[in-house]
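Source file final_4.cif; content: mmCIF, C-alpha atoms.
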```cif
data_run
loop_
_atom_site.group_PDB
_atom_site.id
_atom_site.type_symbol
_atom_site.label_atom_id
_atom_site.label_comp_id
_atom_site.auth_asym_id
_atom_site.auth_seq_id
_atom_site.Cartn_x
_atom_site.Cartn_y
_atom_site.Cartn_z
ATOM 1 C CA MET A 1135 -35.961 -33.736 42.773
ATOM 2 C CA ARG A 1136 -34.003 -35.837 45.249
ATOM 3 C CA VAL A 1137 -32.219 -38.504 43.226
ATOM 4 C CA LEU A 1138 -30.567 -41.583 44.719
ATOM 5 C CA VAL A 1139 -27.469 -42.267 42.599
ATOM 6 C CA THR A 1140 -26.210 -45.784 43.237
ATOM 7 C CA GLY A 1141 -22.581 -46.043 42.180
ATOM 8 C CA GLY A 1142 -22.440 -42.250 42.184
ATOM 9 C CA ALA A 1143 -18.796 -42.145 43.300
ATOM 10 C CA GLY A 1144 -17.632 -43.687 40.021
ATOM 11 C CA TYR A 1145 -16.580 -42.118 36.734
ATOM 12 C CA ILE A 1146 -19.882 -41.521 34.942
ATOM 13 C CA GLY A 1147 -21.902 -41.484 38.177
ATOM 14 C CA SER A 1148 -19.948 -38.584 39.673
ATOM 15 C CA HIS A 1149 -20.197 -36.536 36.487
ATOM 16 C CA THR A 1150 -23.948 -37.179 36.511
ATOM 17 C CA CYS A 1151 -24.184 -35.981 40.117
ATOM 18 C CA LYS A 1152 -22.614 -32.697 39.056
ATOM 19 C CA ALA A 1153 -25.080 -32.406 36.153
ATOM 20 C CA LEU A 1154 -27.993 -33.133 38.497
ATOM 21 C CA ALA A 1155 -26.884 -30.427 40.914
ATOM 22 C CA GLU A 1156 -26.464 -27.932 38.086
ATOM 23 C CA ALA A 1157 -30.047 -28.721 37.016
ATOM 24 C CA GLY A 1158 -31.329 -27.976 40.536
ATOM 25 C CA HIS A 1159 -31.652 -31.572 41.784
ATOM 26 C CA THR A 1160 -30.109 -33.085 44.932
ATOM 27 C CA PRO A 1161 -28.027 -36.233 44.298
ATOM 28 C CA ILE A 1162 -27.690 -38.722 47.161
ATOM 29 C CA VAL A 1163 -24.790 -41.071 46.439
ATOM 30 C CA TYR A 1164 -24.973 -44.702 47.564
ATOM 31 C CA ASP A 1165 -21.689 -46.490 46.879
ATOM 32 C CA ASN A 1166 -19.535 -49.241 48.390
ATOM 33 C CA LEU A 1167 -16.388 -47.424 47.150
ATOM 34 C CA ARG A 1168 -14.947 -50.637 45.724
ATOM 35 C CA THR A 1169 -14.206 -48.847 42.446
ATOM 36 C CA GLY A 1170 -15.591 -45.386 43.239
ATOM 37 C CA HIS A 1171 -13.868 -42.538 45.065
ATOM 38 C CA ALA A 1172 -15.063 -40.566 48.078
ATOM 39 C CA TRP A 1173 -13.320 -37.440 46.724
ATOM 40 C CA ALA A 1174 -15.637 -37.531 43.682
ATOM 41 C CA VAL A 1175 -18.751 -37.008 45.855
ATOM 42 C CA LYS A 1176 -19.110 -33.221 45.994
ATOM 43 C CA TRP A 1177 -22.730 -32.299 45.316
ATOM 44 C CA GLY A 1178 -24.666 -34.188 47.972
ATOM 45 C CA PRO A 1179 -24.355 -36.721 50.785
ATOM 46 C CA LEU A 1180 -22.479 -40.014 50.519
ATOM 47 C CA GLU A 1181 -24.055 -43.164 51.951
ATOM 48 C CA HIS A 1182 -21.666 -46.091 52.139
ATOM 49 C CA GLY A 1183 -23.399 -49.332 51.186
ATOM 50 C CA ASP A 1184 -23.688 -52.231 48.784
ATOM 51 C CA ILE A 1185 -26.284 -52.608 46.034
ATOM 52 C CA ASN A 1186 -27.230 -56.079 47.360
ATOM 53 C CA ASP A 1187 -27.898 -54.808 50.888
ATOM 54 C CA LEU A 1188 -31.680 -54.408 51.042
ATOM 55 C CA ALA A 1189 -31.575 -53.113 54.620
ATOM 56 C CA GLY A 1190 -28.949 -50.503 53.754
ATOM 57 C CA LEU A 1191 -30.830 -49.332 50.674
ATOM 58 C CA SER A 1192 -34.097 -49.185 52.631
ATOM 59 C CA ASP A 1193 -32.532 -47.167 55.425
ATOM 60 C CA THR A 1194 -31.044 -44.721 52.917
ATOM 61 C CA MET A 1195 -34.360 -44.320 51.116
ATOM 62 C CA ARG A 1196 -36.260 -43.907 54.381
ATOM 63 C CA ARG A 1197 -33.981 -41.093 55.524
ATOM 64 C CA HIS A 1198 -33.528 -39.254 52.209
ATOM 65 C CA ARG A 1199 -36.912 -39.940 50.552
ATOM 66 C CA PRO A 1200 -35.687 -39.883 46.928
ATOM 67 C CA ASP A 1201 -38.050 -39.143 44.070
ATOM 68 C CA ALA A 1202 -36.086 -41.238 41.579
ATOM 69 C CA VAL A 1203 -33.060 -43.524 41.231
ATOM 70 C CA ILE A 1204 -30.187 -43.607 38.754
ATOM 71 C CA ASN A 1205 -28.334 -46.922 38.928
ATOM 72 C CA PHE A 1206 -24.603 -46.941 38.085
ATOM 73 C CA ALA A 1207 -23.741 -49.646 40.628
ATOM 74 C CA ALA A 1208 -22.196 -52.344 38.466
ATOM 75 C CA LEU A 1209 -19.002 -54.162 37.562
ATOM 76 C CA ALA A 1210 -17.688 -53.396 34.091
ATOM 77 C CA TYR A 1211 -14.495 -55.278 33.183
ATOM 78 C CA VAL A 1212 -15.127 -57.698 30.330
ATOM 79 C CA GLY A 1213 -12.103 -59.891 31.088
ATOM 80 C CA GLU A 1214 -12.944 -60.095 34.774
ATOM 81 C CA SER A 1215 -16.511 -61.043 33.900
ATOM 82 C CA VAL A 1216 -15.227 -64.086 32.016
ATOM 83 C CA GLU A 1217 -13.079 -65.126 34.987
ATOM 84 C CA ARG A 1218 -15.703 -64.359 37.658
ATOM 85 C CA PRO A 1219 -19.151 -64.500 36.026
ATOM 86 C CA ASP A 1220 -20.948 -65.267 39.306
ATOM 87 C CA PHE A 1221 -19.557 -62.052 40.800
ATOM 88 C CA TYR A 1222 -20.932 -60.083 37.833
ATOM 89 C CA TYR A 1223 -24.381 -61.652 37.914
ATOM 90 C CA ARG A 1224 -24.617 -61.073 41.658
ATOM 91 C CA THR A 1225 -23.737 -57.390 41.359
ATOM 92 C CA ASN A 1226 -25.292 -56.406 38.046
ATOM 93 C CA VAL A 1227 -28.403 -58.601 38.082
ATOM 94 C CA SER A 1228 -29.146 -59.520 41.699
ATOM 95 C CA GLY A 1229 -28.226 -55.973 42.664
ATOM 96 C CA MET A 1230 -30.867 -54.644 40.272
ATOM 97 C CA VAL A 1231 -33.474 -56.960 41.819
ATOM 98 C CA THR A 1232 -32.575 -55.750 45.316
ATOM 99 C CA LEU A 1233 -32.651 -52.108 44.279
ATOM 100 C CA LEU A 1234 -36.095 -52.471 42.701
ATOM 101 C CA GLN A 1235 -37.358 -54.201 45.857
ATOM 102 C CA ALA A 1236 -36.183 -51.268 47.951
ATOM 103 C CA MET A 1237 -37.808 -48.814 45.549
ATOM 104 C CA ARG A 1238 -41.153 -50.609 45.853
ATOM 105 C CA LEU A 1239 -40.909 -50.633 49.641
ATOM 106 C CA HIS A 1240 -40.454 -46.867 49.679
ATOM 107 C CA ASP A 1241 -42.728 -45.852 46.781
ATOM 108 C CA VAL A 1242 -39.931 -44.664 44.491
ATOM 109 C CA ASN A 1243 -41.360 -45.056 41.020
ATOM 110 C CA ALA A 1244 -38.745 -43.907 38.489
ATOM 111 C CA ILE A 1245 -35.376 -45.428 37.613
ATOM 112 C CA VAL A 1246 -32.704 -44.767 34.989
ATOM 113 C CA LEU A 1247 -30.242 -47.611 34.363
ATOM 114 C CA SER A 1248 -26.654 -47.264 33.207
ATOM 115 C CA SER A 1249 -26.549 -49.926 30.479
ATOM 116 C CA SER A 1250 -24.136 -50.631 27.643
ATOM 117 C CA CYS A 1251 -23.693 -51.247 23.938
ATOM 118 C CA ALA A 1252 -22.078 -54.518 25.094
ATOM 119 C CA THR A 1253 -25.633 -55.898 25.149
ATOM 120 C CA TYR A 1254 -25.547 -55.939 21.314
ATOM 121 C CA GLY A 1255 -22.469 -58.156 21.000
ATOM 122 C CA VAL A 1256 -21.099 -58.218 17.452
ATOM 123 C CA PRO A 1257 -23.734 -56.419 15.351
ATOM 124 C CA ALA A 1258 -24.516 -57.427 11.795
ATOM 125 C CA ARG A 1259 -24.368 -53.800 10.682
ATOM 126 C CA VAL A 1260 -23.579 -50.308 11.900
ATOM 127 C CA PRO A 1261 -24.704 -47.807 12.970
ATOM 128 C CA ILE A 1262 -26.488 -49.698 15.730
ATOM 129 C CA GLY A 1263 -30.106 -48.836 16.496
ATOM 130 C CA GLU A 1264 -32.061 -49.839 19.577
ATOM 131 C CA ASP A 1265 -33.893 -52.489 17.548
ATOM 132 C CA THR A 1266 -30.612 -54.301 16.810
ATOM 133 C CA PRO A 1267 -30.804 -57.810 18.357
ATOM 134 C CA GLN A 1268 -29.116 -58.003 21.745
ATOM 135 C CA ASN A 1269 -26.682 -60.915 21.502
ATOM 136 C CA PRO A 1270 -23.944 -60.190 24.062
ATOM 137 C CA ILE A 1271 -20.775 -62.274 23.806
ATOM 138 C CA ASN A 1272 -19.462 -62.124 27.387
ATOM 139 C CA PRO A 1273 -20.874 -62.300 30.929
ATOM 140 C CA TYR A 1274 -20.613 -58.516 31.384
ATOM 141 C CA GLY A 1275 -22.817 -57.842 28.359
ATOM 142 C CA ARG A 1276 -25.218 -60.615 29.343
ATOM 143 C CA SER A 1277 -25.506 -59.233 32.888
ATOM 144 C CA LYS A 1278 -26.402 -55.811 31.505
ATOM 145 C CA ARG A 1279 -29.016 -57.285 29.182
ATOM 146 C CA MET A 1280 -30.488 -59.263 32.102
ATOM 147 C CA ALA A 1281 -30.615 -56.120 34.254
ATOM 148 C CA GLU A 1282 -32.614 -54.429 31.504
ATOM 149 C CA GLU A 1283 -35.000 -57.391 31.310
ATOM 150 C CA VAL A 1284 -35.518 -57.394 35.073
ATOM 151 C CA MET A 1285 -36.277 -53.693 35.005
ATOM 152 C CA ARG A 1286 -38.640 -54.043 32.043
ATOM 153 C CA ASP A 1287 -40.659 -56.781 33.771
ATOM 154 C CA VAL A 1288 -40.818 -55.032 37.157
ATOM 155 C CA CYS A 1289 -41.902 -51.763 35.549
ATOM 156 C CA ALA A 1290 -44.704 -53.553 33.720
ATOM 157 C CA ALA A 1291 -45.840 -55.485 36.808
ATOM 158 C CA TYR A 1292 -45.765 -52.695 39.381
ATOM 159 C CA GLY A 1293 -46.178 -49.466 37.414
ATOM 160 C CA LEU A 1294 -42.640 -48.119 37.737
ATOM 161 C CA GLY A 1295 -41.098 -46.014 35.000
ATOM 162 C CA GLY A 1296 -37.740 -47.221 33.691
ATOM 163 C CA ILE A 1297 -35.209 -46.064 31.120
ATOM 164 C CA ALA A 1298 -32.034 -47.899 30.101
ATOM 165 C CA LEU A 1299 -29.245 -45.824 28.574
ATOM 166 C CA ARG A 1300 -26.899 -47.903 26.435
ATOM 167 C CA TYR A 1301 -23.535 -46.159 26.334
ATOM 168 C CA PHE A 1302 -20.991 -46.524 23.640
ATOM 169 C CA ASN A 1303 -17.409 -45.493 24.603
ATOM 170 C CA ALA A 1304 -17.394 -43.055 27.517
ATOM 171 C CA ALA A 1305 -14.352 -40.789 27.499
ATOM 172 C CA GLY A 1306 -13.053 -37.375 28.534
ATOM 173 C CA ALA A 1307 -13.266 -35.507 31.819
ATOM 174 C CA ASP A 1308 -15.109 -32.646 33.477
ATOM 175 C CA HIS A 1309 -14.420 -29.311 31.746
ATOM 176 C CA ASP A 1310 -13.771 -27.584 35.092
ATOM 177 C CA GLY A 1311 -11.237 -30.178 36.196
ATOM 178 C CA GLU A 1312 -13.263 -31.300 39.218
ATOM 179 C CA LEU A 1313 -13.652 -34.915 38.051
ATOM 180 C CA GLY A 1314 -11.945 -37.367 35.758
ATOM 181 C CA GLU A 1315 -11.371 -40.988 34.874
ATOM 182 C CA GLU A 1316 -9.647 -42.991 37.619
ATOM 183 C CA HIS A 1317 -9.757 -46.749 37.142
ATOM 184 C CA ALA A 1318 -7.491 -49.397 38.633
ATOM 185 C CA PRO A 1319 -6.692 -51.230 36.498
ATOM 186 C CA GLU A 1320 -7.245 -48.906 33.546
ATOM 187 C CA THR A 1321 -8.622 -50.621 30.437
ATOM 188 C CA HIS A 1322 -10.014 -47.743 28.356
ATOM 189 C CA LEU A 1323 -8.092 -46.714 25.246
ATOM 190 C CA ILE A 1324 -7.876 -42.941 25.635
ATOM 191 C CA PRO A 1325 -6.456 -42.877 29.187
ATOM 192 C CA LEU A 1326 -4.063 -45.698 28.243
ATOM 193 C CA VAL A 1327 -2.804 -43.673 25.286
ATOM 194 C CA LEU A 1328 -2.445 -40.586 27.472
ATOM 195 C CA GLN A 1329 -0.565 -42.539 30.124
ATOM 196 C CA VAL A 1330 2.066 -43.199 27.459
ATOM 197 C CA ALA A 1331 2.186 -39.472 26.675
ATOM 198 C CA ALA A 1332 2.595 -38.738 30.393
ATOM 199 C CA GLY A 1333 5.445 -41.234 30.750
ATOM 200 C CA LEU A 1334 3.428 -43.594 32.960
ATOM 201 C CA ARG A 1335 3.784 -46.532 30.552
ATOM 202 C CA ASP A 1336 6.150 -47.174 27.656
ATOM 203 C CA HIS A 1337 3.631 -48.026 24.936
ATOM 204 C CA VAL A 1338 -0.009 -48.602 24.092
ATOM 205 C CA SER A 1339 -1.039 -51.864 22.450
ATOM 206 C CA ILE A 1340 -3.096 -51.958 19.264
ATOM 207 C CA PHE A 1341 -4.883 -55.294 19.056
ATOM 208 C CA GLY A 1342 -5.361 -56.026 15.372
ATOM 209 C CA THR A 1343 -4.453 -53.988 12.303
ATOM 210 C CA ASP A 1344 -6.159 -56.174 9.693
ATOM 211 C CA TYR A 1345 -9.835 -55.402 10.291
ATOM 212 C CA ASP A 1346 -12.101 -54.430 7.404
ATOM 213 C CA THR A 1347 -11.854 -50.738 8.274
ATOM 214 C CA PRO A 1348 -10.128 -47.874 6.432
ATOM 215 C CA ASP A 1349 -6.858 -48.185 8.393
ATOM 216 C CA GLY A 1350 -7.237 -51.766 9.622
ATOM 217 C CA THR A 1351 -7.846 -50.907 13.291
ATOM 218 C CA CYS A 1352 -11.086 -51.142 15.262
ATOM 219 C CA ILE A 1353 -13.561 -48.269 15.130
ATOM 220 C CA ARG A 1354 -15.448 -47.057 18.216
ATOM 221 C CA ASP A 1355 -17.900 -44.257 19.011
ATOM 222 C CA TYR A 1356 -16.387 -42.014 21.718
ATOM 223 C CA VAL A 1357 -18.861 -39.868 23.662
ATOM 224 C CA HIS A 1358 -17.833 -37.251 26.221
ATOM 225 C CA VAL A 1359 -18.697 -38.167 29.796
ATOM 226 C CA THR A 1360 -20.302 -34.728 30.280
ATOM 227 C CA ASP A 1361 -22.667 -35.503 27.417
ATOM 228 C CA LEU A 1362 -23.523 -38.855 28.992
ATOM 229 C CA ALA A 1363 -24.262 -37.102 32.283
ATOM 230 C CA SER A 1364 -26.673 -34.683 30.609
ATOM 231 C CA ALA A 1365 -28.579 -37.608 29.087
ATOM 232 C CA HIS A 1366 -29.353 -38.979 32.552
ATOM 233 C CA VAL A 1367 -30.821 -35.654 33.641
ATOM 234 C CA ALA A 1368 -32.967 -35.586 30.502
ATOM 235 C CA ALA A 1369 -34.090 -39.187 31.040
ATOM 236 C CA LEU A 1370 -35.430 -38.477 34.534
ATOM 237 C CA SER A 1371 -38.245 -36.348 33.156
ATOM 238 C CA THR A 1372 -39.105 -38.952 30.504
ATOM 239 C CA CYS A 1373 -39.855 -41.952 32.757
ATOM 240 C CA GLN A 1374 -43.482 -42.999 32.319
ATOM 241 C CA PRO A 1375 -45.349 -45.143 34.889
ATOM 242 C CA GLY A 1376 -45.471 -48.746 33.777
ATOM 243 C CA GLY A 1377 -43.191 -48.047 30.839
ATOM 244 C CA PHE A 1378 -39.711 -49.116 29.807
ATOM 245 C CA SER A 1379 -37.581 -47.494 27.107
ATOM 246 C CA ALA A 1380 -33.989 -47.930 25.942
ATOM 247 C CA PHE A 1381 -31.805 -45.333 24.270
ATOM 248 C CA ASN A 1382 -28.387 -45.496 22.654
ATOM 249 C CA LEU A 1383 -25.950 -42.774 23.692
ATOM 250 C CA GLY A 1384 -23.260 -42.073 21.121
ATOM 251 C CA THR A 1385 -22.201 -39.563 18.505
ATOM 252 C CA GLY A 1386 -22.943 -41.568 15.387
ATOM 253 C CA ARG A 1387 -19.323 -41.033 14.344
ATOM 254 C CA GLY A 1388 -16.616 -43.636 14.667
ATOM 255 C CA SER A 1389 -12.909 -43.109 15.291
ATOM 256 C CA SER A 1390 -10.336 -45.829 14.741
ATOM 257 C CA ILE A 1391 -7.665 -46.738 17.257
ATOM 258 C CA ALA A 1392 -5.047 -45.340 14.903
ATOM 259 C CA GLU A 1393 -6.987 -42.060 14.679
ATOM 260 C CA VAL A 1394 -7.202 -41.830 18.473
ATOM 261 C CA VAL A 1395 -3.444 -42.291 18.796
ATOM 262 C CA ALA A 1396 -2.769 -39.682 16.087
ATOM 263 C CA CYS A 1397 -5.155 -37.190 17.715
ATOM 264 C CA ALA A 1398 -3.554 -37.748 21.121
ATOM 265 C CA ARG A 1399 -0.118 -37.056 19.628
ATOM 266 C CA ALA A 1400 -1.425 -33.774 18.195
ATOM 267 C CA VAL A 1401 -3.161 -32.699 21.422
ATOM 268 C CA THR A 1402 -0.285 -33.559 23.760
ATOM 269 C CA GLY A 1403 2.667 -32.827 21.511
ATOM 270 C CA LYS A 1404 4.178 -36.102 22.714
ATOM 271 C CA ALA A 1405 5.574 -39.052 20.819
ATOM 272 C CA ILE A 1406 3.255 -41.908 21.748
ATOM 273 C CA VAL A 1407 4.628 -45.368 21.033
ATOM 274 C CA ALA A 1408 1.966 -47.742 19.689
ATOM 275 C CA GLN A 1409 2.831 -51.428 19.560
ATOM 276 C CA GLU A 1410 0.874 -53.563 17.099
ATOM 277 C CA GLY A 1411 -0.306 -57.007 18.116
ATOM 278 C CA PRO A 1412 -2.812 -59.702 17.119
ATOM 279 C CA ARG A 1413 -6.557 -59.316 17.413
ATOM 280 C CA ARG A 1414 -8.307 -60.015 20.690
ATOM 281 C CA PRO A 1415 -11.086 -62.613 20.494
ATOM 282 C CA GLY A 1416 -14.543 -61.046 20.308
ATOM 283 C CA ASP A 1417 -13.544 -57.497 19.360
ATOM 284 C CA PRO A 1418 -16.053 -56.243 16.741
ATOM 285 C CA PRO A 1419 -14.497 -54.286 13.842
ATOM 286 C CA ALA A 1420 -16.817 -51.314 14.396
ATOM 287 C CA LEU A 1421 -19.295 -50.139 17.055
ATOM 288 C CA VAL A 1422 -21.072 -46.897 16.184
ATOM 289 C CA ALA A 1423 -24.370 -45.682 17.622
ATOM 290 C CA ASP A 1424 -27.535 -44.606 15.938
ATOM 291 C CA ALA A 1425 -28.700 -42.175 18.638
ATOM 292 C CA ALA A 1426 -31.648 -40.701 16.746
ATOM 293 C CA ARG A 1427 -34.146 -41.951 19.323
ATOM 294 C CA ALA A 1428 -32.366 -40.131 22.168
ATOM 295 C CA ARG A 1429 -32.342 -36.982 20.083
ATOM 296 C CA GLU A 1430 -36.043 -37.220 19.259
ATOM 297 C CA VAL A 1431 -37.435 -38.388 22.627
ATOM 298 C CA LEU A 1432 -34.961 -37.074 25.217
ATOM 299 C CA GLY A 1433 -34.008 -33.943 23.302
ATOM 300 C CA TRP A 1434 -30.387 -35.039 23.793
ATOM 301 C CA SER A 1435 -27.449 -34.614 21.492
ATOM 302 C CA PRO A 1436 -23.727 -34.732 22.306
ATOM 303 C CA ALA A 1437 -22.371 -31.186 22.514
ATOM 304 C CA HIS A 1438 -18.803 -31.893 23.697
ATOM 305 C CA SER A 1439 -17.860 -35.122 21.926
ATOM 306 C CA ASP A 1440 -15.496 -33.925 19.218
ATOM 307 C CA LEU A 1441 -12.538 -36.331 19.526
ATOM 308 C CA GLU A 1442 -10.001 -33.545 20.003
ATOM 309 C CA LYS A 1443 -12.112 -32.025 22.812
ATOM 310 C CA VAL A 1444 -12.548 -35.413 24.481
ATOM 311 C CA ILE A 1445 -8.800 -36.066 24.459
ATOM 312 C CA ALA A 1446 -7.899 -32.512 25.502
ATOM 313 C CA ASP A 1447 -10.160 -32.689 28.564
ATOM 314 C CA ALA A 1448 -8.803 -36.125 29.514
ATOM 315 C CA TRP A 1449 -5.229 -34.830 29.103
ATOM 316 C CA ALA A 1450 -5.924 -31.769 31.262
ATOM 317 C CA TRP A 1451 -7.278 -34.055 33.987
ATOM 318 C CA MET A 1452 -4.289 -36.373 33.800
ATOM 319 C CA THR A 1453 -1.613 -33.658 33.817
ATOM 320 C CA ILE A 1454 -3.096 -30.707 35.721
ATOM 321 C CA HIS A 1455 -6.273 -31.262 37.697
ATOM 322 C CA ARG A 1456 -5.797 -34.674 39.297
ATOM 323 C CA ALA A 1457 -2.988 -33.177 41.414
ATOM 324 C CA ARG A 1458 -5.805 -31.695 43.533
ATOM 325 C CA VAL A 1459 -7.229 -35.110 44.354
ATOM 326 C CA PRO A 1460 -6.746 -36.086 48.012
ATOM 327 C CA ALA A 1461 -4.748 -39.217 48.741
ATOM 328 C CA GLY A 1462 -6.894 -42.321 49.190
ATOM 329 C CA GLY A 1463 -10.616 -42.676 48.561
#
```

Target encoding structure tokens, full file:
Amino acid sequence: MRVLVTGGAGYIGSHTCKALAEAGHTPIVYDNLRTGHAWAVKWGPLEHGDINDLAGLSDTMRRHRPDAVINFAALAYVGESVERPDFYYRTNVSGMVTLLQAMRLHDVNAIVLSSSCATYGVPARVPIGEDTPQNPINPYGRSKRMAEEVMRDVCAAYGLGGIALRYFNAAGADHDGELGEEHAPETHLIPLVLQVAAGLRDHVSIFGTDYDTPDGTCIRDYVHVTDLASAHVAALSTCQPGGFSAFNLGTGRGSSIAEVVACARAVTGKAIVAQEGPRRPGDPPALVADAARAREVLGWSPAHSDLEKVIADAWAWMTIHRARVPAGG
């Protein structure tokens, strides 16, 4: 298959492009490079363009004739979404509308959406199944829920096949050291912890130590980015005309912030200073996936998401492999 990967120069998108190529598909990356990196595009052509540019998307589809689309083109900083909600709705929601218009113009009938567990908000119970009410608590989560709703309605109206993959906490890096996590600013826990180990910052902040969890710190479900990538490949063959499905992607196991810091100390052999602070508004005590549906329907299960493996791969990227990355891009 020829697969148009919007946002394919980003963290999860680039890992998915590698997985697509390894499965025999041709990924065509379409990215504005605002947060993505040209050096991460290694397994197919790069088309520079914005998700809201209907003419640019149409020209790319006309020339490359994709069989399917995987959409990673989105903004994903919760704090920024509160400060600039219009920017998030334009990119994450209007961008989805524009992409679906281009697909209809060029008879592309299958799409996989990068969605998020942020659509659930603060769940009443864990683990979280796909039937958990979606009550997002910030504009980022609401924009992702809206993108799902747009896709659901368009699939039903025009016979497209759509799948939304709701990630929990993406982490880790490519086993071969070809790709890794490069965000500016960085907001994810594991790279922040490892930046302390690498001497790039003096401490990592722990926001809240009085939650109703075994050690008082928040619990999250960390899934290896390589496992997330494999789920997208599996989802492509599951899209049904006129149908929409959503799947949680997680391990079903939660790790607390304190456990992540302790594991990182063991993996790196470094003293990592953790500074305790007050809770952040809106942080749920625990977010853990029930991914049984993905296992049953997609045949997917996380094979690389042991916490020690996740941290070891991220540490190898940070200390060894990223030195190969060209300047810029």

For this session: Could you tell me which of A:Glu1430, A:Asp1336, A:Asp1355, A:Glu1315 comes closest to Ala1174 of chain A if we count only C-alpha atoms?
Result: A:Glu1315

Exercise. Out of A:Asp1349, A:Glu1264, A:Asp1201, A:Asp1187, which residue has the shortest atom-to-atom distance to Gln1235 of chain A when counting all atoms listed in the file?
Worked result: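 Nearest to Gln1235 of chain A: A:Asp1187.
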
Each residue of segment 1275-1324 of chain A with at least one atom at most 12 Å from segment 1203-1217 of chain A should appear once, together with its nearest atom pair and the corresponding distance in Å (one decimal); atoms considered: all atoms listed in the file; ordering: chain, then increasing residue number; output as CSV.
```
residue,atom,partner,partner_atom,distance
A:Gly1275,CA,A:Val1212,CA,7.9
A:Arg1276,CA,A:Ser1215,CA,9.8
A:Ser1277,CA,A:Ser1215,CA,9.2
A:Lys1278,CA,A:Ala1208,CA,8.8
A:Ala1281,CA,A:Ala1208,CA,10.1
A:Glu1282,CA,A:Asn1205,CA,11.4
A:Met1285,CA,A:Asn1205,CA,11.2
A:Leu1294,CA,A:Val1203,CA,11.2
A:Gly1295,CA,A:Val1203,CA,10.5
A:Gly1296,CA,A:Val1203,CA,9.6
A:Ile1297,CA,A:Ile1204,CA,9.5
A:Ala1298,CA,A:Asn1205,CA,9.6
A:Leu1299,CA,A:Asn1205,CA,10.5
A:Arg1300,CA,A:Phe1206,CA,11.9
A:Tyr1301,CA,A:Phe1206,CA,11.8
A:His1317,CA,A:Tyr1211,CA,10.5
A:Ala1318,CA,A:Tyr1211,CA,10.6
A:Pro1319,CA,A:Tyr1211,CA,9.4
A:Glu1320,CA,A:Tyr1211,CA,9.7
A:Thr1321,CA,A:Tyr1211,CA,8.0
A:His1322,CA,A:Tyr1211,CA,10.0
```

To test the calculation: enclose all listed atoms of segment 1170-1182 of chain A in a box whose edges run along x, y and z, add 8 Å on each side, then state centre and edge lengths in Å to one decimal, as AutoDock Vina command-line options.
```
--center_x -19.0 --center_y -39.2 --center_z 47.7 --size_x 27.3 --size_y 29.8 --size_z 24.9
```

Problem set entry | Explicit residues for the PyMOL selection byres ((chain A and resi 1438) around 9) (as a ChimeraX atom specification) | /A:1357-1361,1436-1437,1439-1441,1443-1444

Write the residues of the selection above to a file with C-alpha atoms, as a CSV table (one decimal), in the coordinates of the input.
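Dumped everything to out35.csv:
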```
chain,number,residue,atom,x,y,z
A,1357,VAL,CA,-18.9,-39.9,23.7
A,1358,HIS,CA,-17.8,-37.3,26.2
A,1359,VAL,CA,-18.7,-38.2,29.8
A,1360,THR,CA,-20.3,-34.7,30.3
A,1361,ASP,CA,-22.7,-35.5,27.4
A,1436,PRO,CA,-23.7,-34.7,22.3
A,1437,ALA,CA,-22.4,-31.2,22.5
A,1439,SER,CA,-17.9,-35.1,21.9
A,1440,ASP,CA,-15.5,-33.9,19.2
A,1441,LEU,CA,-12.5,-36.3,19.5
A,1443,LYS,CA,-12.1,-32.0,22.8
A,1444,VAL,CA,-12.5,-35.4,24.5
```

For this session: Any chance you could resolve the PyMOL selection byres ((chain A and resi 1224) around 12) against this file and give the residues as a PyMOL selection string?
Result: chain A and resi 1184-1187+1207-1209+1215+1218-1223+1225-1232+1273-1274+1277-1278+1280-1281

Problem set entry | Expansion of the PyMOL selection byres ((chain A and resi 1158) around 12) into residues, as a list in words |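 With the PyMOL selection byres ((chain A and resi 1158) around 12) on this model, the match is Met1135, Arg1136, Val1137, Cys1151, Lys1152, Ala1153, Leu1154, Ala1155, Glu1156, Ala1157, His1159, Thr1160, Pro1161, Trp1177, Gly1178 and Val1367 of chain A.
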
For this session: Could you tell me how far atom CA of Ser1364 of chain A lies from atom CA of Ala1143 of chain A, in Å and to one decimal?
Result: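 It comes out at 16.7 Å.
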
For this session: Identify, on the basis of all atoms listed in the file, every residue whose closest approach to Tyr1356 of chain A does not exceed 7 Å; exclude the query and any residue fewer than 4 positions from it along the same chain; express the result as a list in words.
Result: Phe1302, Asn1303, Ala1304, Ala1305 and Gly1384 of chain A

For this session: Could you tell me how far atom CA of Val1288 of chain A lies from atom CA of Ala1236 of chain A, in Å and to one decimal?
Result: 12.3 Å

Problem set entry | Residue with smallest distance to Gly1376 of chain A - pool A:Ala1420, A:Leu1328, A:Ile1146, A:Ile1245, counting only C-alpha atoms |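 Going through A:Ala1420, A:Leu1328, A:Ile1146, A:Ile1245 one by one, the smallest distance to Gly1376 of chain A is for A:Ile1245.
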
Exercise. In Å to one decimal, how far is atom CA of Thr1150 of chain A from atom CA of Gln1329 of chain A?
Worked result: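 It comes out at 24.8 Å.
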
For this session: Using only C-alpha atoms, determine which residues lie at most 8 Å from Leu1167 of chain A, disregarding the query and same-chain residues fewer than 2 positions distant; provide the list as a VMD selection string.
Result: chain A and resid 1143 1165 1169 to 1172 1182 1463

Those residues with C-alpha atoms, as a PDB file, in the coordinates of the input please?
```pdb
ATOM      1  CA  ALA A1143     -18.796 -42.145  43.300  1.00  0.00           C
ATOM      2  CA  ASP A1165     -21.689 -46.490  46.879  1.00  0.00           C
ATOM      3  CA  THR A1169     -14.206 -48.847  42.446  1.00  0.00           C
ATOM      4  CA  GLY A1170     -15.591 -45.386  43.239  1.00  0.00           C
ATOM      5  CA  HIS A1171     -13.868 -42.538  45.065  1.00  0.00           C
ATOM      6  CA  ALA A1172     -15.063 -40.566  48.078  1.00  0.00           C
ATOM      7  CA  HIS A1182     -21.666 -46.091  52.139  1.00  0.00           C
ATOM      8  CA  GLY A1463     -10.616 -42.676  48.561  1.00  0.00           C
TER       9      GLY A1463
END
```
